[in-house]
Each structure stands twice: as structure tokens, then as C-alpha cells.
file work_15.cif (mmCIF, C-alpha atoms and all ligand atoms)
data_query
#
loop_
_atom_site.label_atom_id
_atom_site.label_comp_id
_atom_site.auth_asym_id
_atom_site.auth_seq_id
_atom_site.Cartn_x
_atom_site.Cartn_y
_atom_site.Cartn_z
CA MET A 87 14.05 -20.52 33.10
CA LYS A 88 13.02 -17.73 35.44
CA THR A 89 10.15 -15.33 34.80
CA VAL A 90 10.08 -11.91 36.48
CA VAL A 91 7.72 -8.94 36.35
CA THR A 92 8.95 -6.11 38.61
CA LEU A 93 12.19 -4.12 38.28
CA PRO A 94 13.57 -5.25 41.67
CA GLU A 95 12.92 -8.88 40.65
CA LEU A 96 14.62 -8.28 37.30
CA ARG A 97 17.67 -6.62 38.89
CA ALA A 98 18.08 -9.43 41.42
CA ALA A 99 17.80 -12.10 38.70
CA ARG A 100 20.19 -10.17 36.43
CA LEU A 101 22.89 -10.27 39.13
CA GLU A 102 22.80 -14.07 39.02
CA LEU A 103 23.44 -14.26 35.26
CA ALA A 104 26.82 -15.21 33.82
CA ALA A 105 28.36 -12.82 31.27
CA PRO A 106 28.04 -12.19 28.41
CA VAL A 107 24.31 -11.55 28.64
CA GLY A 108 22.23 -11.42 25.44
CA LEU A 109 18.84 -9.69 25.26
CA ALA A 110 16.11 -10.28 22.68
CA PRO A 111 13.33 -7.68 23.05
CA THR A 112 9.90 -8.80 21.77
CA MET A 113 6.22 -7.93 21.90
CA GLY A 114 5.33 -11.60 22.37
CA TYR A 115 3.10 -13.91 20.32
CA LEU A 116 6.37 -15.53 19.41
CA HIS A 117 7.07 -17.19 16.08
CA ALA A 118 10.13 -18.76 14.49
CA GLY A 119 11.50 -15.28 13.65
CA HIS A 120 11.64 -14.30 17.32
CA LEU A 121 12.97 -17.73 18.23
CA SER A 122 15.82 -17.36 15.73
CA LEU A 123 17.01 -14.32 17.73
CA VAL A 124 16.81 -16.32 20.96
CA ARG A 125 18.67 -19.22 19.34
CA GLN A 126 21.46 -16.95 18.06
CA ALA A 127 21.75 -15.34 21.50
CA ARG A 128 21.89 -18.82 23.03
CA ARG A 129 24.80 -19.74 20.72
CA GLU A 130 26.73 -16.52 21.38
CA CYS A 131 26.04 -15.66 25.04
CA ALA A 132 26.39 -17.33 28.43
CA SER A 133 22.96 -16.03 29.46
CA VAL A 134 19.85 -15.25 27.43
CA VAL A 135 17.21 -12.72 28.51
CA VAL A 136 13.95 -12.22 26.59
CA SER A 137 11.58 -9.35 27.25
CA ILE A 138 7.89 -9.54 26.34
CA PHE A 139 6.06 -6.23 26.36
CA VAL A 140 3.47 -4.89 23.93
CA ASN A 141 4.70 -1.30 23.92
CA PRO A 142 1.70 1.04 23.57
CA THR A 143 3.80 4.13 22.79
CA GLN A 144 4.96 2.72 19.44
CA PHE A 145 1.38 2.26 18.19
CA GLY A 146 -0.50 5.11 16.51
CA PRO A 147 -4.02 6.03 17.71
CA HIS A 148 -5.66 4.12 14.83
CA GLU A 149 -3.33 1.12 14.89
CA ASP A 150 -3.84 -2.40 16.25
CA LEU A 151 -2.72 -2.05 19.90
CA GLY A 152 -6.08 -3.30 21.20
CA SER A 153 -6.18 -6.35 18.94
CA TYR A 154 -2.44 -7.14 18.94
CA PRO A 155 -2.23 -10.93 19.46
CA ARG A 156 -1.08 -12.17 22.87
CA ASP A 157 -0.49 -15.62 24.38
CA LEU A 158 1.94 -15.45 27.29
CA ALA A 159 1.55 -19.10 28.36
CA ARG A 160 2.48 -20.30 24.88
CA ASP A 161 5.37 -17.80 24.64
CA LEU A 162 6.85 -19.02 27.94
CA ASP A 163 6.54 -22.61 26.76
CA LEU A 164 8.43 -21.82 23.54
CA LEU A 165 11.15 -19.92 25.42
CA ARG A 166 11.59 -22.77 27.89
CA ARG A 167 12.25 -25.05 24.92
CA GLU A 168 14.85 -22.59 23.57
CA ASP A 169 16.56 -22.69 26.97
CA ALA A 170 16.21 -18.97 27.70
CA ASP A 171 17.48 -18.10 31.20
CA LEU A 172 15.31 -15.15 32.12
CA VAL A 173 12.04 -13.72 30.76
CA TRP A 174 10.93 -10.23 31.76
CA THR A 175 7.22 -9.47 31.31
CA PRO A 176 6.77 -5.99 32.80
CA THR A 177 3.32 -4.44 33.17
CA LEU A 178 2.31 -1.15 31.57
CA GLU A 179 2.63 0.65 34.94
CA ILE A 180 6.18 -0.65 35.43
CA VAL A 181 7.39 0.63 32.06
CA TYR A 182 5.26 3.80 32.05
CA PRO A 183 4.35 4.92 35.55
CA PRO A 184 1.68 7.66 35.66
CA ASP A 185 4.24 10.51 35.92
CA PHE A 186 6.42 9.25 33.03
CA GLN A 187 7.79 12.19 31.00
CA THR A 188 11.15 11.36 29.37
CA TRP A 189 11.44 10.32 25.72
CA VAL A 190 14.18 9.29 23.30
CA THR A 191 13.84 10.91 19.89
CA VAL A 192 16.21 9.76 17.15
CA GLY A 193 16.75 12.22 14.26
CA GLN A 194 17.10 11.79 10.49
CA VAL A 195 17.30 8.02 10.29
CA ALA A 196 13.91 7.76 12.03
CA GLN A 197 12.16 10.24 9.74
CA PRO A 198 11.51 8.64 6.30
CA LEU A 199 9.60 5.43 5.44
CA GLU A 200 8.14 3.89 8.64
CA GLY A 201 8.83 7.16 10.46
CA SER A 202 6.74 9.19 8.05
CA MET A 203 3.90 6.64 7.77
CA ARG A 204 3.78 6.05 11.54
CA PRO A 205 4.39 9.39 13.32
CA GLY A 206 5.77 8.83 16.82
CA HIS A 207 6.46 5.14 16.18
CA PHE A 208 10.24 5.33 16.52
CA ARG A 209 10.01 7.65 19.53
CA GLY A 210 8.07 4.86 21.23
CA VAL A 211 10.49 2.19 20.02
CA ALA A 212 13.66 4.09 20.99
CA THR A 213 12.26 5.01 24.40
CA VAL A 214 11.20 1.48 25.32
CA VAL A 215 14.42 -0.07 23.98
CA ALA A 216 16.50 2.45 25.96
CA LYS A 217 14.55 1.45 29.07
CA LEU A 218 15.04 -2.26 28.33
CA PHE A 219 18.78 -1.71 27.84
CA ASN A 220 19.06 0.24 31.10
CA ALA A 221 17.07 -2.32 33.04
CA VAL A 222 18.69 -5.49 31.66
CA GLN A 223 22.21 -4.14 30.95
CA PRO A 224 22.91 -6.69 28.21
CA HIS A 225 26.30 -7.12 26.55
CA ARG A 226 24.58 -7.94 23.26
CA ALA A 227 21.10 -7.09 21.97
CA TYR A 228 19.44 -9.14 19.22
CA PHE A 229 17.13 -7.58 16.64
CA GLY A 230 15.66 -8.83 13.35
CA GLN A 231 16.54 -7.57 9.87
CA LYS A 232 12.77 -7.84 9.25
CA ASP A 233 12.48 -4.40 10.91
CA ALA A 234 15.46 -2.89 9.10
CA GLN A 235 14.76 0.76 9.89
CA GLN A 236 14.16 -0.11 13.53
CA ALA A 237 17.61 -1.74 13.64
CA ALA A 238 19.14 1.39 12.02
CA VAL A 239 17.36 3.66 14.53
CA ILE A 240 18.53 1.57 17.48
CA ARG A 241 22.08 1.47 16.09
CA GLN A 242 22.08 5.28 15.94
CA MET A 243 20.67 5.52 19.48
CA VAL A 244 23.27 3.08 20.86
CA LYS A 245 26.02 5.19 19.32
CA ASP A 246 24.59 8.59 20.28
CA LEU A 247 23.72 7.66 23.89
CA ASN A 248 26.85 5.54 24.50
CA PHE A 249 25.06 2.32 25.36
CA ASN A 250 27.83 -0.14 26.12
CA LEU A 251 26.55 -3.08 24.09
CA GLU A 252 26.84 -4.78 20.74
CA LEU A 253 23.86 -4.76 18.42
CA VAL A 254 23.33 -8.05 16.54
CA VAL A 255 20.96 -8.03 13.56
CA CYS A 256 19.65 -11.49 12.63
CA PRO A 257 18.36 -12.61 9.19
CA THR A 258 14.65 -12.47 8.35
CA GLN A 259 12.87 -15.81 8.78
CA ARG A 260 10.34 -16.63 6.07
CA GLU A 261 7.54 -19.06 5.23
CA PRO A 262 8.39 -21.48 2.40
CA ASP A 263 6.62 -19.15 -0.09
CA GLY A 264 8.73 -16.17 1.05
CA LEU A 265 6.27 -14.37 3.34
CA ALA A 266 8.28 -12.91 6.24
CA LEU A 267 7.12 -14.30 9.58
CA SER A 268 5.20 -11.70 11.58
CA SER A 269 2.84 -11.77 14.54
CA ARG A 270 0.44 -9.81 12.33
CA ASN A 271 0.19 -12.63 9.74
CA VAL A 272 -2.60 -14.16 11.90
CA TYR A 273 -4.84 -11.27 10.77
CA LEU A 274 -4.76 -12.52 7.14
CA ASN A 275 -7.67 -14.58 5.78
CA PRO A 276 -6.76 -17.32 3.26
CA GLU A 277 -7.23 -15.06 0.24
CA GLU A 278 -5.15 -12.28 1.83
CA ARG A 279 -2.52 -14.80 2.87
CA ARG A 280 -2.06 -15.72 -0.80
CA ALA A 281 -1.91 -12.04 -1.80
CA ALA A 282 0.68 -11.34 0.93
CA THR A 283 3.32 -13.22 -1.07
CA ALA A 284 3.37 -10.13 -3.34
CA LEU A 285 5.89 -8.46 -0.99
CA TRP A 286 8.48 -11.19 -1.38
CA ARG A 287 7.70 -11.52 -5.10
CA ALA A 288 8.31 -7.78 -5.49
CA LEU A 289 11.61 -7.89 -3.59
CA SER A 290 12.70 -10.92 -5.61
CA ALA A 291 11.81 -9.23 -8.91
CA ALA A 292 13.94 -6.19 -8.01
CA GLN A 293 16.79 -8.40 -6.85
CA LYS A 294 16.65 -10.32 -10.11
CA ALA A 295 16.67 -7.08 -12.12
CA TYR A 296 19.72 -5.96 -10.12
CA GLN A 297 21.48 -9.27 -10.71
CA GLN A 298 20.78 -8.91 -14.42
CA GLY A 299 22.56 -5.55 -14.47
CA GLN A 300 19.89 -2.99 -13.55
CA SER A 301 21.48 -0.65 -11.02
CA GLN A 302 19.26 2.46 -11.37
CA ALA A 303 17.52 2.81 -8.00
CA GLU A 304 14.35 4.17 -9.60
CA ARG A 305 14.14 1.18 -12.00
CA LEU A 306 14.39 -1.15 -8.98
CA ARG A 307 11.59 0.73 -7.20
CA GLU A 308 9.53 0.45 -10.40
CA ALA A 309 10.17 -3.30 -10.57
CA MET A 310 8.76 -3.65 -7.04
CA ARG A 311 5.78 -1.36 -7.74
CA ALA A 312 4.89 -3.35 -10.88
CA VAL A 313 4.56 -6.62 -8.94
CA LEU A 314 2.60 -4.99 -6.10
CA GLN A 315 0.24 -3.16 -8.44
CA ALA A 316 -0.59 -6.46 -10.17
CA GLU A 317 -1.93 -7.78 -6.86
CA PRO A 318 -5.54 -6.53 -6.46
CA LEU A 319 -5.61 -6.94 -2.66
CA ALA A 320 -2.37 -5.00 -2.15
CA ASN A 321 -2.36 -1.30 -1.27
CA VAL A 322 1.14 0.17 -1.42
CA GLU A 323 2.20 2.68 1.28
CA TYR A 324 5.77 3.01 0.03
CA VAL A 325 8.49 1.21 -1.87
CA SER A 326 12.06 2.24 -1.28
CA CYS A 327 15.61 1.68 -2.43
CA ALA A 328 17.66 3.42 0.24
CA GLU A 329 21.03 3.64 1.96
CA PRO A 330 20.84 0.97 4.70
CA ASP A 331 22.46 3.12 7.43
CA THR A 332 20.76 6.47 6.80
CA MET A 333 17.52 5.27 5.15
CA GLN A 334 17.90 8.07 2.56
CA GLU A 335 16.52 7.20 -0.89
CA ILE A 336 19.18 6.46 -3.49
CA GLU A 337 18.90 8.49 -6.69
CA GLY A 338 20.77 7.37 -9.79
CA ARG A 339 22.88 4.22 -9.84
CA LEU A 340 23.86 2.02 -6.92
CA GLU A 341 27.53 2.08 -8.09
CA GLY A 342 28.40 -1.07 -6.16
CA ARG A 343 26.95 0.28 -2.90
CA GLN A 344 24.73 -1.80 -0.68
CA ALA A 345 21.07 -0.84 -0.91
CA LEU A 346 18.04 -1.69 1.18
CA LEU A 347 14.96 -2.53 -0.85
CA SER A 348 11.92 -2.13 1.39
CA MET A 349 8.18 -1.65 1.35
CA ALA A 350 5.05 -1.27 3.43
CA VAL A 351 1.89 -2.72 1.93
CA LYS A 352 -1.61 -3.09 3.23
CA ILE A 353 -3.24 -6.41 2.42
CA GLY A 354 -6.87 -5.77 3.33
CA LYS A 355 -6.64 -4.15 6.77
CA THR A 356 -3.29 -5.74 7.62
CA ARG A 357 -0.16 -3.64 7.23
CA LEU A 358 2.90 -5.69 6.27
CA ILE A 359 6.54 -4.63 5.84
CA ASP A 360 9.46 -6.46 4.28
CA ASN A 361 12.93 -5.71 2.95
CA LEU A 362 15.99 -7.16 1.27
CA LEU A 363 19.64 -6.01 1.15
CA ILE A 364 21.29 -6.06 -2.26
CA GLY A 365 24.71 -5.17 -3.62
CA GLY A 366 27.79 -4.06 -1.70
P1 LIG B 401 8.26 -7.77 17.58
O1 LIG B 401 7.73 -8.75 18.58
O2 LIG B 401 7.46 -7.70 16.32
O3 LIG B 401 8.56 -6.42 18.19
O4 LIG B 401 9.66 -8.34 17.11
C1 LIG B 401 10.69 -8.57 18.04
C2 LIG B 401 11.99 -8.80 17.31
O5 LIG B 401 11.85 -9.93 16.45
C3 LIG B 401 12.38 -7.61 16.43
O6 LIG B 401 13.79 -7.38 16.54
C4 LIG B 401 12.02 -8.09 15.06
O7 LIG B 401 12.79 -7.50 14.02
C5 LIG B 401 12.30 -9.57 15.16
N1 LIG B 401 11.56 -10.30 14.12
C6 LIG B 401 10.23 -10.21 13.85
N2 LIG B 401 9.91 -10.98 12.78
C7 LIG B 401 11.06 -11.55 12.38
C8 LIG B 401 11.40 -12.44 11.30
N3 LIG B 401 10.48 -12.90 10.44
N4 LIG B 401 12.69 -12.84 11.18
C9 LIG B 401 13.64 -12.38 12.04
N5 LIG B 401 13.39 -11.55 13.07
C10 LIG B 401 12.12 -11.13 13.23
#
call {"tool": "encode", "arguments": {"input": "work_15.cif", "output": "C-alpha cells", "more": "lines below"}}
Ligand code: AMP
result
Amino acid sequence: MKTVVTLPELRAARLELAAPVGLAPTMGYLHAGHLSLVRQARRECASVVVSIFVNPTQFGPHEDLGSYPRDLARDLDLLRREDADLVWTPTLEIVYPPDFQTWVTVGQVAQPLEGSMRPGHFRGVATVVAKLFNAVQPHRAYFGQKDAQQAAVIRQMVKDLNFNLELVVCPTQREPDGLALSSRNVYLNPEERRAATALWRALSAAQKAYQQGQSQAERLREAMRAVLQAEPLANVEYVSCAEPDTMQEIEGRLEGRQALLSMAVKIGKTRLIDNLLIGG
């Protein structure tokens, strides 16, 4: 496994890689969710590239950029074990030199839900992912369903800007009690960790209601809200039952369509998101 920092180093190492090349972009502090992307890329591609970069432009001014967990030595160890070929760990100045002034702004799909709670978030995400795609030139790029709107935003960007690659969205990896793996789970104290299962319990309750014949989107949102409101440590930012491609809220019945159930919930100071696809 090779580790590179600068763009010239990356480009030279990229030339040595056999096609097809798979890229898994990450912000590091890797867990089994990230590693599942690397593993799927390893199965499907001749070469596997992983980027590790905590992208400041996708954090809001009052978010956790300063405290975001980092452990590069451990990350590299884990990636070596997954047999990654190339790891790119650019510095802030490499990704955003002082005169940086070009941004990628995705429209409607980036506006509701995460986009409205975190202004500027998807501009930061789309810009850094566009830069990663241009630098690495992967044939396939691996993202997690855990960040469902992010995957939809990137899919739109790939289409609109003619990136010549295939987007692969991998299933959400969970703890045995359903909590979606996230680098931010380390912020939770034991009491909060127990409360954090409310997200999965809420998604499961709505899924169960759907399976038992409830197909009114608003009833499904209510089923999620009811579970979350019963959890004293949970503070709901949004619950949603939306079209998975456009992220527009569904009104009325699902009528056999696929729907994305999703939510953002604060448990203490920690903001967690989760989602589940139903129907279709
Ligand atoms: P991050 O380091 O949080 O930017 O995540 C990097 C990639 O890993 C993104 O595509 C995420 O969607 C994906 N990811 C994060 N958590 C999980 C999870 N629990 N299961 C599957 N993929 C995940």
C-alpha cells in the first residue's frame, strides 16, 4: 500500500494503477462502515484508492470541525489490512490553496433536509468530491447509503458535470442494536449511546407500519416522530419520507413507489443522521 500527500505524487502513483480504479472518499477515523466501501471496491476493482481528508468547507461555523476525531496511523493500519493500493492524505493547502475561488453548487436535490439544516454543507461536499474525482480519475466511486442525500447530490453532480465514472452506493453498516456506524458515535456518553438507538427504532417502527399496510407518507413520518419524542435525550431536527432521487417530501400515499425515510436527531450535543429505503 502506498501513501501519498501531494498532487504530483498522487498523479505519478495513479499512473501505475491497473484499471478499473475504485475510489472511496473518507474523512478518516475509519470504522467498519468505511471499510465496507473499501472491501466492495476491492471485490469490484483492480485497484483501490482511499482518500482521507477532513474537508473544512462542509462544516458550518458552529459545527465540530475542530473536534472531529482523527487517527491517521490507525486508519493506515486498517487500510493496509483491507489491501488498499493507494491512500491519498492531502493537506488543507493542497486542496484549498490560498487563492482558491471555484465552487460546485448543486441545485434542488441539495436544498431540503441536510441542505436546509446545514447551509453550505453540500457546496463543500460537491466541491471537494469534484476535486477528488478530477485528481484520482476513478472508474468507480464508492459512497455509503448512510449519507443518502449526499449520494443523491453526488449522483446529480456526476450527471450534470459529465464525470466519466460509476457511482456505487453501499449499504449502511450498523451496530448489533441498529445504531448506524459513524465517526461521531465516539462523542456519545453511555447514556446517550443508549438513547441513540431511537433513530433505528424510529425507522423500524415506520417500516413495520408500512409493511402492515400504512402507505400515507405523513403517517410514516408520525410513526418516526412518536418513537423519537418518547426518547428524552433526543432532539429532532427533521423526519422525512421523501423521493430518494429528488429528496422532495412525499405527500399522500406511496402508491408502490420507493421512499426514503430519514431523520436528523441531536442526542445531547451530538448530531446523528440515519435513513432507510422502503417500498418500490
Ligand atoms: P465520512 O468519513 O463520514 O465522510 O464517510 C465516508 C464515506 O463512508 C461516506 O460515503 C459515507 O456515507 C460512508 N459511511 C459512513 N458511515 C457508514 C456506514 N455506517 N455504513 C456505510 N457507509 C458509511
call {"tool": "closest_residue", "arguments": {"input": "work_15.cif", "among": "A:Val140, A:Ala234, A:Val351, A:Val91", "to": "Tyr115 of chain A", "atoms": "only C-alpha atoms"}}
result
A:Val140
call {"tool": "residues_around", "arguments": {"input": "work_15.cif", "residues": "Cys256 of chain A", "least_positions_apart": "2", "cutoff": "9 Å", "atoms": "all atoms listed in the file", "output": "list in words"}}
result
Ser122, Leu123, Gln126, Tyr228, Phe229, Gly230, Gln231, Lys232, Val254, Thr258 and Gln259 of chain A
call {"tool": "closest_residue", "arguments": {"input": "work_15.cif", "among": "A:Pro184, A:Gly338, A:Gly264, A:Pro257", "to": "ligand LIG 401 (chain B)", "atoms": "all atoms listed in the file"}}
result
A:Pro257
call {"tool": "residues_around", "arguments": {"input": "work_15.cif", "residues": "Arg160 of chain A", "least_positions_apart": "5", "cutoff": "12 Å", "atoms": "only C-alpha atoms", "output": "ChimeraX atom specification"}}
result
/A:114-117,155,165-167
call {"tool": "closest_residue", "arguments": {"input": "work_15.cif", "among": "A:Pro330, A:Gly365, A:Pro111, A:Gly210", "to": "Gln144 of chain A", "atoms": "all atoms listed in the file"}}
result
A:Gly210
call {"tool": "closest_residue", "arguments": {"input": "work_15.cif", "among": "A:Asn361, A:Thr356, A:Ser133, A:Ser153", "to": "Cys327 of chain A", "atoms": "only C-alpha atoms"}}
result
A:Asn361
call {"tool": "residues_around", "arguments": {"input": "work_15.cif", "residues": "Gly108 of chain A", "least_positions_apart": "3", "cutoff": "9 Å", "atoms": "only C-alpha atoms", "output": "PyMOL selection string"}}
result
chain A and resi 105+124+127-128+130-136+224-228
call {"tool": "atom_distance", "arguments": {"input": "work_15.cif", "atom1": "atom CA of Asp360 of chain A", "atom2": "atom CA of Thr191 of chain A"}}
result
23.8 Å
call {"tool": "axis_aligned_box", "arguments": {"input": "work_15.cif", "around": "ligand LIG 401 (chain B)", "padding_each_side": "3 Å", "output": "AutoDock Vina command-line options"}}
result
--center_x 10.6 --center_y -9.7 --center_z 14.5 --size_x 12.3 --size_y 12.5 --size_z 14.1
call {"tool": "closest_residue", "arguments": {"input": "work_15.cif", "among": "A:Gln236, A:Gln197, A:Gln300, A:Gln344", "to": "ligand LIG 401 (chain B)", "atoms": "all atoms listed in the file"}}
result
A:Gln236
call {"tool": "residues_near_point", "arguments": {"input": "work_15.cif", "point": "(0.8, -1.2, 22.8)", "cutoff": "10 Å", "atoms": "only C-alpha atoms", "output": "list in words"}}
result
Met113, Phe139, Val140, Asn141, Pro142, Thr143, Gln144, Phe145, Gly146, Glu149, Asp150, Leu151, Gly152, Ser153, Tyr154, Leu178 and Gly210 of chain A
call {"tool": "write_last_selection", "arguments": {"input": "work_15.cif", "atoms": "C-alpha atoms", "output": "PDB file, in the coordinates of the input"}}
result
ATOM      1  CA  MET A 113       6.220  -7.930  21.900  1.00  0.00           C
ATOM      2  CA  PHE A 139       6.060  -6.230  26.360  1.00  0.00           C
ATOM      3  CA  VAL A 140       3.470  -4.890  23.930  1.00  0.00           C
ATOM      4  CA  ASN A 141       4.700  -1.300  23.920  1.00  0.00           C
ATOM      5  CA  PRO A 142       1.700   1.040  23.570  1.00  0.00           C
ATOM      6  CA  THR A 143       3.800   4.130  22.790  1.00  0.00           C
ATOM      7  CA  GLN A 144       4.960   2.720  19.440  1.00  0.00           C
ATOM      8  CA  PHE A 145       1.380   2.260  18.190  1.00  0.00           C
ATOM      9  CA  GLY A 146      -0.500   5.110  16.510  1.00  0.00           C
ATOM     10  CA  GLU A 149      -3.330   1.120  14.890  1.00  0.00           C
ATOM     11  CA  ASP A 150      -3.840  -2.400  16.250  1.00  0.00           C
ATOM     12  CA  LEU A 151      -2.720  -2.050  19.900  1.00  0.00           C
ATOM     13  CA  GLY A 152      -6.080  -3.300  21.200  1.00  0.00           C
ATOM     14  CA  SER A 153      -6.180  -6.350  18.940  1.00  0.00           C
ATOM     15  CA  TYR A 154      -2.440  -7.140  18.940  1.00  0.00           C
ATOM     16  CA  LEU A 178       2.310  -1.150  31.570  1.00  0.00           C
ATOM     17  CA  GLY A 210       8.070   4.860  21.230  1.00  0.00           C
TER      18      GLY A 210
END
call {"tool": "closest_residue", "arguments": {"input": "work_15.cif", "among": "A:Val107, A:Ile138, A:Ala170, A:Arg100", "to": "Asp157 of chain A", "atoms": "only C-alpha atoms"}}
result
A:Ile138
call {"tool": "atom_distance", "arguments": {"input": "work_15.cif", "atom1": "atom CA of Leu267 of chain A", "atom2": "atom CA of Leu164 of chain A"}}
result
15.9 Å
call {"tool": "atom_distance", "arguments": {"input": "work_15.cif", "atom1": "atom CA of Glu261 of chain A", "atom2": "atom CA of Ile336 of chain A"}}
result
29.4 Å
call {"tool": "residues_around", "arguments": {"input": "work_15.cif", "residues": "Asp331 of chain A", "least_positions_apart": "6", "cutoff": "10 Å", "atoms": "all atoms listed in the file", "output": "PyMOL selection string"}}
result
chain A and resi 195+234-235+237-239+241-242+344-346
call {"tool": "build_atoms", "arguments": {"input": "work_15.cif", "residues": "segment 222-231 of chain A", "atoms": "all heavy atoms", "output": "short mmCIF file (atom, residue, chain, number, x, y, z; two decimals), keeping the file's coordinate frame"}}
result
data_model
loop_
_atom_site.label_atom_id
_atom_site.label_comp_id
_atom_site.auth_asym_id
_atom_site.auth_seq_id
_atom_site.Cartn_x
_atom_site.Cartn_y
_atom_site.Cartn_z
N VAL A 222 18.08 -4.15 31.80
CA VAL A 222 18.69 -5.49 31.66
C VAL A 222 20.22 -5.41 31.58
O VAL A 222 20.91 -6.34 31.97
CB VAL A 222 18.11 -6.22 30.41
CG1 VAL A 222 18.79 -7.56 30.18
CG2 VAL A 222 16.60 -6.41 30.54
N GLN A 223 20.75 -4.29 31.10
CA GLN A 223 22.21 -4.14 30.95
C GLN A 223 22.83 -5.31 30.18
O GLN A 223 23.76 -5.95 30.67
CB GLN A 223 22.85 -4.03 32.34
CG GLN A 223 22.26 -2.94 33.21
CD GLN A 223 23.13 -1.70 33.23
OE1 GLN A 223 24.31 -1.75 33.46
NE2 GLN A 223 22.50 -0.57 32.95
N PRO A 224 22.35 -5.58 28.97
CA PRO A 224 22.91 -6.69 28.21
C PRO A 224 24.26 -6.33 27.58
O PRO A 224 24.53 -5.15 27.35
CB PRO A 224 21.86 -6.90 27.10
CG PRO A 224 21.31 -5.53 26.86
CD PRO A 224 21.31 -4.84 28.22
N HIS A 225 25.07 -7.34 27.32
CA HIS A 225 26.30 -7.12 26.55
C HIS A 225 26.00 -7.11 25.06
O HIS A 225 26.69 -6.47 24.28
CB HIS A 225 27.32 -8.22 26.86
CG HIS A 225 27.70 -8.26 28.30
ND1 HIS A 225 27.02 -9.02 29.24
CD2 HIS A 225 28.68 -7.61 28.98
CE1 HIS A 225 27.58 -8.84 30.43
NE2 HIS A 225 28.58 -7.99 30.29
N ARG A 226 24.97 -7.89 24.67
CA ARG A 226 24.58 -7.94 23.26
C ARG A 226 23.06 -7.86 23.19
O ARG A 226 22.36 -8.42 24.03
CB ARG A 226 25.02 -9.25 22.59
CG ARG A 226 26.52 -9.43 22.62
CD ARG A 226 26.97 -10.52 21.67
NE ARG A 226 28.40 -10.72 21.84
CZ ARG A 226 28.95 -11.81 22.36
NH1 ARG A 226 28.21 -12.86 22.69
NH2 ARG A 226 30.26 -11.88 22.50
N ALA A 227 22.55 -7.18 22.16
CA ALA A 227 21.10 -7.09 21.97
C ALA A 227 20.78 -7.58 20.57
O ALA A 227 21.42 -7.19 19.59
CB ALA A 227 20.63 -5.66 22.16
N TYR A 228 19.77 -8.45 20.47
CA TYR A 228 19.44 -9.14 19.22
C TYR A 228 18.16 -8.58 18.62
O TYR A 228 17.11 -8.57 19.27
CB TYR A 228 19.32 -10.66 19.48
CG TYR A 228 20.66 -11.25 19.84
CD1 TYR A 228 21.16 -11.13 21.12
CD2 TYR A 228 21.43 -11.86 18.86
CE1 TYR A 228 22.43 -11.63 21.44
CE2 TYR A 228 22.69 -12.36 19.17
CZ TYR A 228 23.18 -12.24 20.45
OH TYR A 228 24.43 -12.71 20.76
N PHE A 229 18.27 -8.12 17.38
CA PHE A 229 17.13 -7.58 16.64
C PHE A 229 17.05 -8.26 15.29
O PHE A 229 18.02 -8.85 14.82
CB PHE A 229 17.29 -6.06 16.45
CG PHE A 229 17.10 -5.28 17.73
CD1 PHE A 229 18.17 -5.09 18.60
CD2 PHE A 229 15.86 -4.75 18.07
CE1 PHE A 229 18.00 -4.39 19.79
CE2 PHE A 229 15.69 -4.05 19.25
CZ PHE A 229 16.76 -3.87 20.12
N GLY A 230 15.87 -8.17 14.64
CA GLY A 230 15.66 -8.83 13.35
C GLY A 230 15.84 -7.86 12.19
O GLY A 230 15.40 -6.71 12.27
N GLN A 231 16.44 -8.35 11.13
CA GLN A 231 16.54 -7.57 9.87
C GLN A 231 15.16 -7.26 9.30
O GLN A 231 14.97 -6.30 8.56
CB GLN A 231 17.38 -8.38 8.86
CG GLN A 231 17.48 -7.79 7.47
CD GLN A 231 18.23 -6.46 7.45
OE1 GLN A 231 19.04 -6.17 8.34
NE2 GLN A 231 17.96 -5.65 6.44
#
